[in-house]
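This report refers to the structure that appears directly beneath it.
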Amino acid sequence: FFPTTTTDHHTLRSTPTNQPHHIHPYIILYKMQTIAEGVEFDTIAREWRCKWSEEKEKASLVATQKAFNDVCDKVKAIDGVKDVQRVVCGGCFDFKIITSLPADKFDAWEKEKFAPEEDFLEALKKIEGVSQGRRFV
């Protein structure tokens, strides 16, 4: 989802003084978006996820990590990227990449079809032992 409504709610964030809407040397006012009463945000994340297998000494996990390594620099270079997290669970065999951006930058990434998402998901399809390669917002 990408919410399109905004409200007059604000949050205070620590930031340098050369940013817009300067109200204090270390404080800035950001407009938050609201998706439901009491649920406000200024960051949107996209998640790529799959399941890997323990078979063959976790070869699918190793190959999945390599597939991510191949696109990692492109992910980090996305305009406005705040954070890129890799989450691996040895109990449920999840492998997740979570990329977060400021809400006002997310639409531009969406217009680029979330590149390099397709490259990564296509690589996952070729890995034996990987299933359910998909994406979420």
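Chain lettering (A, B, ...) mirrors the order of the structure tokens, residue numbering begins at 1 for each chain separately, and ligand numbering begins at 1 in order of display.
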Close residues, range 117-133 of chain A itself excluded, 12 Å, only C-alpha atoms, min 5 positions apart in chain, as a PyMOL selection string = chain A and resi 46-72+74-75+78+93-99+109-110+112
Close residues, Ala103 in chain A itself excluded, 8 Å, only C-alpha atoms, min 4 positions apart in chain, as number ranges by chain | A: 41-44, 107
Gap from CA of Val39 in chain A to CA of Ser100 in chain A - Å, one decimal |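 According to the coordinates, CA of Val39 in chain A and CA of Ser100 in chain A are separated by 17.4 Å.
CA of Gly38 in chain A is positioned 29.4 Å from CA of Arg134 in chain A.
You will find CA of Ala77 in chain A at 28.9 Å from CA of Gly90 in chain A.
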List every residue of range 42-127 of chain A that DSSP, applied to the backbone, labels as strand (DSSP E or B), and write the result as a PyMOL selection string.
-> chain A and resi 43-51+83-88+94-102
File dump, residues just selected, N, CA, C and O atoms, as a short mmCIF file (atom, residue, chain, number, x, y, z; two decimals), in the first residue's frame:
data_model
loop_
_atom_site.label_atom_id
_atom_site.label_comp_id
_atom_site.auth_asym_id
_atom_site.auth_seq_id
_atom_site.Cartn_x
_atom_site.Cartn_y
_atom_site.Cartn_z
N THR A 43 7.93 6.68 7.24
CA THR A 43 8.82 5.73 6.58
C THR A 43 7.99 4.57 6.04
O THR A 43 7.06 4.11 6.71
N ILE A 44 8.33 4.12 4.82
CA ILE A 44 7.67 2.96 4.23
C ILE A 44 8.75 1.94 3.88
O ILE A 44 9.82 2.31 3.39
N ALA A 45 8.47 0.68 4.13
CA ALA A 45 9.43 -0.38 3.85
C ALA A 45 8.84 -1.37 2.84
O ALA A 45 7.65 -1.59 2.80
N ARG A 46 9.73 -1.92 2.05
CA ARG A 46 9.39 -2.98 1.10
C ARG A 46 10.17 -4.21 1.53
O ARG A 46 11.35 -4.12 1.85
N GLU A 47 9.50 -5.36 1.55
CA GLU A 47 10.13 -6.58 2.02
C GLU A 47 10.16 -7.62 0.90
O GLU A 47 9.16 -7.85 0.23
N TRP A 48 11.32 -8.24 0.72
CA TRP A 48 11.47 -9.39 -0.17
C TRP A 48 11.71 -10.57 0.73
O TRP A 48 12.58 -10.53 1.59
N ARG A 49 10.97 -11.65 0.50
CA ARG A 49 11.08 -12.78 1.42
C ARG A 49 11.00 -14.10 0.69
O ARG A 49 10.35 -14.22 -0.33
N CYS A 50 11.67 -15.09 1.26
CA CYS A 50 11.57 -16.46 0.74
C CYS A 50 11.86 -17.42 1.88
O CYS A 50 12.26 -17.03 2.97
N LYS A 51 11.64 -18.69 1.59
CA LYS A 51 11.98 -19.77 2.52
C LYS A 51 13.16 -20.53 1.93
O LYS A 51 13.23 -20.76 0.73
N ASP A 83 17.47 2.44 5.36
CA ASP A 83 18.00 1.25 6.00
C ASP A 83 17.74 0.04 5.11
O ASP A 83 16.71 -0.03 4.43
N VAL A 84 18.67 -0.89 5.12
CA VAL A 84 18.51 -2.18 4.46
C VAL A 84 18.85 -3.23 5.50
O VAL A 84 19.95 -3.23 6.05
N GLN A 85 17.89 -4.10 5.80
CA GLN A 85 18.09 -5.14 6.80
C GLN A 85 17.96 -6.51 6.14
O GLN A 85 17.08 -6.71 5.31
N ARG A 86 18.81 -7.41 6.56
CA ARG A 86 18.67 -8.81 6.16
C ARG A 86 18.32 -9.56 7.43
O ARG A 86 19.01 -9.45 8.44
N VAL A 87 17.23 -10.33 7.37
CA VAL A 87 16.79 -11.11 8.51
C VAL A 87 16.78 -12.58 8.09
O VAL A 87 16.18 -12.93 7.07
N VAL A 88 17.46 -13.43 8.85
CA VAL A 88 17.48 -14.86 8.59
C VAL A 88 17.02 -15.56 9.84
O VAL A 88 17.52 -15.29 10.93
N ASP A 94 13.18 -18.47 7.25
CA ASP A 94 12.90 -17.23 6.51
C ASP A 94 14.20 -16.55 6.13
O ASP A 94 15.17 -16.56 6.89
N PHE A 95 14.19 -15.93 4.97
CA PHE A 95 15.25 -15.02 4.53
C PHE A 95 14.51 -13.79 4.05
O PHE A 95 13.68 -13.88 3.14
N LYS A 96 14.76 -12.64 4.67
CA LYS A 96 14.04 -11.41 4.34
C LYS A 96 15.02 -10.27 4.11
O LYS A 96 16.00 -10.14 4.83
N ILE A 97 14.71 -9.45 3.14
CA ILE A 97 15.40 -8.19 2.92
C ILE A 97 14.35 -7.10 3.09
O ILE A 97 13.32 -7.12 2.42
N ILE A 98 14.60 -6.17 4.00
CA ILE A 98 13.66 -5.09 4.29
C ILE A 98 14.37 -3.78 3.98
O ILE A 98 15.38 -3.45 4.61
N THR A 99 13.83 -3.05 3.03
CA THR A 99 14.40 -1.77 2.60
C THR A 99 13.43 -0.67 2.96
O THR A 99 12.27 -0.70 2.54
N SER A 100 13.88 0.30 3.75
CA SER A 100 13.00 1.38 4.17
C SER A 100 13.46 2.72 3.60
O SER A 100 14.66 2.97 3.46
N LEU A 101 12.46 3.53 3.25
CA LEU A 101 12.68 4.85 2.67
C LEU A 101 11.73 5.84 3.32
O LEU A 101 10.66 5.45 3.80
N PRO A 102 12.07 7.14 3.26
CA PRO A 102 11.11 8.14 3.68
C PRO A 102 9.86 8.03 2.80
O PRO A 102 9.96 7.72 1.61
#
